[in-house]
Amino acid sequence: MITETHAMYDKLSGLLSDTVPDFELRMKAEIAAEINRLKIEKNAVILGHNYMEPALFYSIPDYVGDSLELSRKAAQSDKDIIVFCGVKFMAETAKILNPTKKVLVPSPKAGCSLAESITAADVRDLKARFPAVPVVTYINTYADVKAESDICCTSGNAVAVVNSLNTDRVIFIPDEYLAANVARETGKHIIYPTRDPRQKFQDDLEYQMVGWPGRCEVHEKFTVEDIVNVRKQFPDVVILAHPECSPEVVEASDFSGSTTAMINYVQKTRAPHYLMLTECSMGDNVAAANPDKEMLRLCSVRCPHMNEITLEDTLESLQKEQFEIVIDEEVRKKAYVAVERMLHIG
Ligand code: SF4
């Protein structure tokens, strides 16, 4: 074990000595080495979302990526246990795709402001108010909401999913800004109904998308003013915005894409400076992987839900095999159909 801990410390120190204090790296290396030992003993696979804190991100996951990539990896794995170092809706997606495996999320507190903005009953109400209009649901939702949907989407394939439906109208839930960005890109007019069922809409084609007022509490914080101020100081900066940012922020940026698309963009291009308008741990992780590139840090917008996932909790999760994701089988099957339809689109 001592050898594994030293090797882990050397790895983390090589990548993160500029961002994480040395005493913390030593402590985390020891926990990570124990997790990796237990992972083999329990025949488990660990998935790490791009928003995990750097020491966890670079030490224990077998796979890193966005939630969908990770769920796909999980589906290909022959391990008995999947530990999802991400938030609950992500672990649920892994369970939807891997019903026979034990899926664990290290903290029961790892929620999401977007996923919590809408319930299955809300979706049923929307369907009653807009009959025969297909429901496109962002992957950042809980299983019961997915189960009420026709098809899921990610921030990377949302436009392709909407276009694939070939219908006059779609209900697109729950992210208000992602929906607005998709509407802008596809040239559709979007409306946001209130929760009041008495609110009426004319039955003509004055709108083509029906949105919902859910927001990511991280990405909604970025403003056009932030961008203007950074450009004043660094005129040659390339700004990348996640599509959960407001349409104004996306328009004022140079590139917009999913977490994976942003990572690929930085890897494949060479700009004097980059600024990523997204969760701050991801900025740290991309900076560590690209030491030859100048990454600017605008602020420290850390997702409080992602922040709940620590190495300590992951160790305890594996030791006690907690907190297991359980989904009602009828709900899971319906949600599977919506996720599977999306997977065919890519
Ligand atoms: S970053 Fe936003 S969308 Fe992602 S888990 Fe946190 S609150 Fe939810």
# chains A, B, ... in the order shown; residues from 1 in each chain; ligands from 1
>>> residues_near_ligand(ligand="ligand 1", cutoff="8 Å", atoms="only C-alpha atoms and all ligand atoms", output="PyMOL selection string")
chain A and resi 51+86-87+110-115+140+215-219+244+278-279+302-306
>>> select_by_dssp(residues="region 56-269 of chain A", states="strand (DSSP E or B)", output="ChimeraX atom specification")
/A:63-65,81-85,102-104,135-138,151-153,170-173,175,190-191,209-210,214,237-241,255-256
>>> residues_around(residues="Ser164 (chain A)", least_positions_apart="3", cutoff="12 Å", atoms="only C-alpha atoms", output="JSON, numbers by chain")
{"A": [134, 136, 151, 152, 153, 157, 158, 159, 160, 161, 167, 168, 170, 186, 341, 342, 344, 345, 346]}
>>> closest_atom_pairs(of="region 98-217 of chain A", to="region 308-316 of chain A", cutoff="10 Å", atoms="only C-alpha atoms", output="CSV")
residue,atom,partner,partner_atom,distance
A:Leu104,CA,A:Thr314,CA,9.3
A:Val105,CA,A:Thr314,CA,8.0
A:Pro106,CA,A:Thr314,CA,5.0
A:Ser107,CA,A:Ile309,CA,6.1
A:Pro108,CA,A:Glu308,CA,8.7
A:Lys109,CA,A:Glu308,CA,6.6
A:Ala110,CA,A:Glu308,CA,5.7
A:Gly111,CA,A:Glu308,CA,9.0
>>> write_last_selection(atoms="N, CA and C atoms", output="short mmCIF file (atom, residue, chain, number, x, y, z; two decimals), in the first residue's frame")
data_model
loop_
_atom_site.label_atom_id
_atom_site.label_comp_id
_atom_site.auth_asym_id
_atom_site.auth_seq_id
_atom_site.Cartn_x
_atom_site.Cartn_y
_atom_site.Cartn_z
N LEU A 104 -23.99 3.10 -7.14
CA LEU A 104 -23.85 3.88 -5.90
C LEU A 104 -23.50 5.32 -6.22
N VAL A 105 -24.06 6.25 -5.43
CA VAL A 105 -23.63 7.65 -5.50
C VAL A 105 -23.06 7.96 -4.10
N PRO A 106 -21.85 8.55 -4.03
CA PRO A 106 -21.18 8.67 -2.73
C PRO A 106 -21.87 9.57 -1.71
N SER A 107 -22.72 10.50 -2.16
CA SER A 107 -23.42 11.34 -1.17
C SER A 107 -24.89 11.48 -1.56
N PRO A 108 -25.81 11.29 -0.61
CA PRO A 108 -27.23 11.47 -0.94
C PRO A 108 -27.59 12.94 -1.11
N LYS A 109 -26.65 13.83 -0.76
CA LYS A 109 -26.95 15.27 -0.86
C LYS A 109 -26.61 15.86 -2.23
N ALA A 110 -26.07 15.02 -3.14
CA ALA A 110 -25.63 15.55 -4.43
C ALA A 110 -26.82 15.70 -5.38
N GLY A 111 -27.54 16.80 -5.26
CA GLY A 111 -28.73 17.07 -6.09
C GLY A 111 -28.37 17.88 -7.32
#
>>> residues_around(residues="Ala183 (chain A)", least_positions_apart="4", cutoff="9 Å", atoms="only C-alpha atoms", output="PyMOL selection string")
chain A and resi 159+178-179+187-190+208-209
>>> residues_around(residues="Ile239 (chain A)", least_positions_apart="6", cutoff="12 Å", atoms="only C-alpha atoms", output="VMD selection string")
chain A and resid 222 224 226 to 228 230 to 231 249 to 257 262 265 to 266 271 to 278 295 to 298
>>> atom_distance(atom1="CA of Arg332 (chain A)", atom2="CA of Ile96 (chain A)")
5.6 Å
>>> residues_around(residues="Asp62 (chain A)", least_positions_apart="4", cutoff="12 Å", atoms="only C-alpha atoms", output="PDB file with C-alpha atoms, in the first residue's frame")
ATOM      1  CA  ILE A  35     -10.204   3.396  -2.821  1.00  0.00           C
ATOM      2  CA  ASN A  36      -8.335   1.876  -5.757  1.00  0.00           C
ATOM      3  CA  LYS A  39     -12.311  -1.073  -6.123  1.00  0.00           C
ATOM      4  CA  ILE A  40     -10.453  -4.204  -7.241  1.00  0.00           C
ATOM      5  CA  ALA A  44     -16.277  -2.062  -8.982  1.00  0.00           C
ATOM      6  CA  VAL A  45     -15.887   0.575 -11.665  1.00  0.00           C
ATOM      7  CA  ILE A  46     -15.636   4.270 -10.750  1.00  0.00           C
ATOM      8  CA  LEU A  47     -16.987   6.959 -13.065  1.00  0.00           C
ATOM      9  CA  GLY A  48     -15.839  10.563 -12.568  1.00  0.00           C
ATOM     10  CA  HIS A  49     -17.747  13.519 -13.981  1.00  0.00           C
ATOM     11  CA  LEU A  56     -10.498  13.011  -7.162  1.00  0.00           C
ATOM     12  CA  PHE A  57     -10.735  13.520 -10.936  1.00  0.00           C
ATOM     13  CA  TYR A  58      -7.115  12.472 -11.490  1.00  0.00           C
ATOM     14  CA  LEU A  70     -19.988   7.801 -18.433  1.00  0.00           C
ATOM     15  CA  LYS A  73     -18.994   3.336 -20.389  1.00  0.00           C
ATOM     16  CA  ALA A  74     -20.855   1.804 -17.482  1.00  0.00           C
ATOM     17  CA  SER A  77     -18.402  -2.632 -18.095  1.00  0.00           C
ATOM     18  CA  LYS A  79     -18.066  -4.975 -13.058  1.00  0.00           C
ATOM     19  CA  ILE A  82     -20.781   1.199 -10.467  1.00  0.00           C
ATOM     20  CA  VAL A  83     -19.718   4.112  -8.236  1.00  0.00           C
ATOM     21  CA  PHE A  84     -20.816   7.328  -9.910  1.00  0.00           C
ATOM     22  CA  CYS A  85     -18.766  10.317  -8.725  1.00  0.00           C
TER      23      CYS A  85
END
>>> select_by_dssp(residues="region 163-303 of chain A", states="alpha helix (DSSP H)", output="MDAnalysis selection string")
chainID A and resid 163:165 176:186 224:233 247:252 259:268 280:289
>>> atom_distance(atom1="CA of Glu248 (chain A)", atom2="CA of Asp175 (chain A)")
15.1 Å
>>> closest_residue(among="A:Glu225, A:Asp10, A:Asp122, A:Asp66", to="Glu30 (chain A)", atoms="only C-alpha atoms")
A:Asp10
>>> atom_distance(atom1="CA of Ser67 (chain A)", atom2="CA of Lys333 (chain A)")
19.1 Å
>>> closest_residue(among="A:Lys232, A:Arg72, A:Lys102, A:Arg184", to="Ile325 (chain A)", atoms="only C-alpha atoms")
A:Lys102
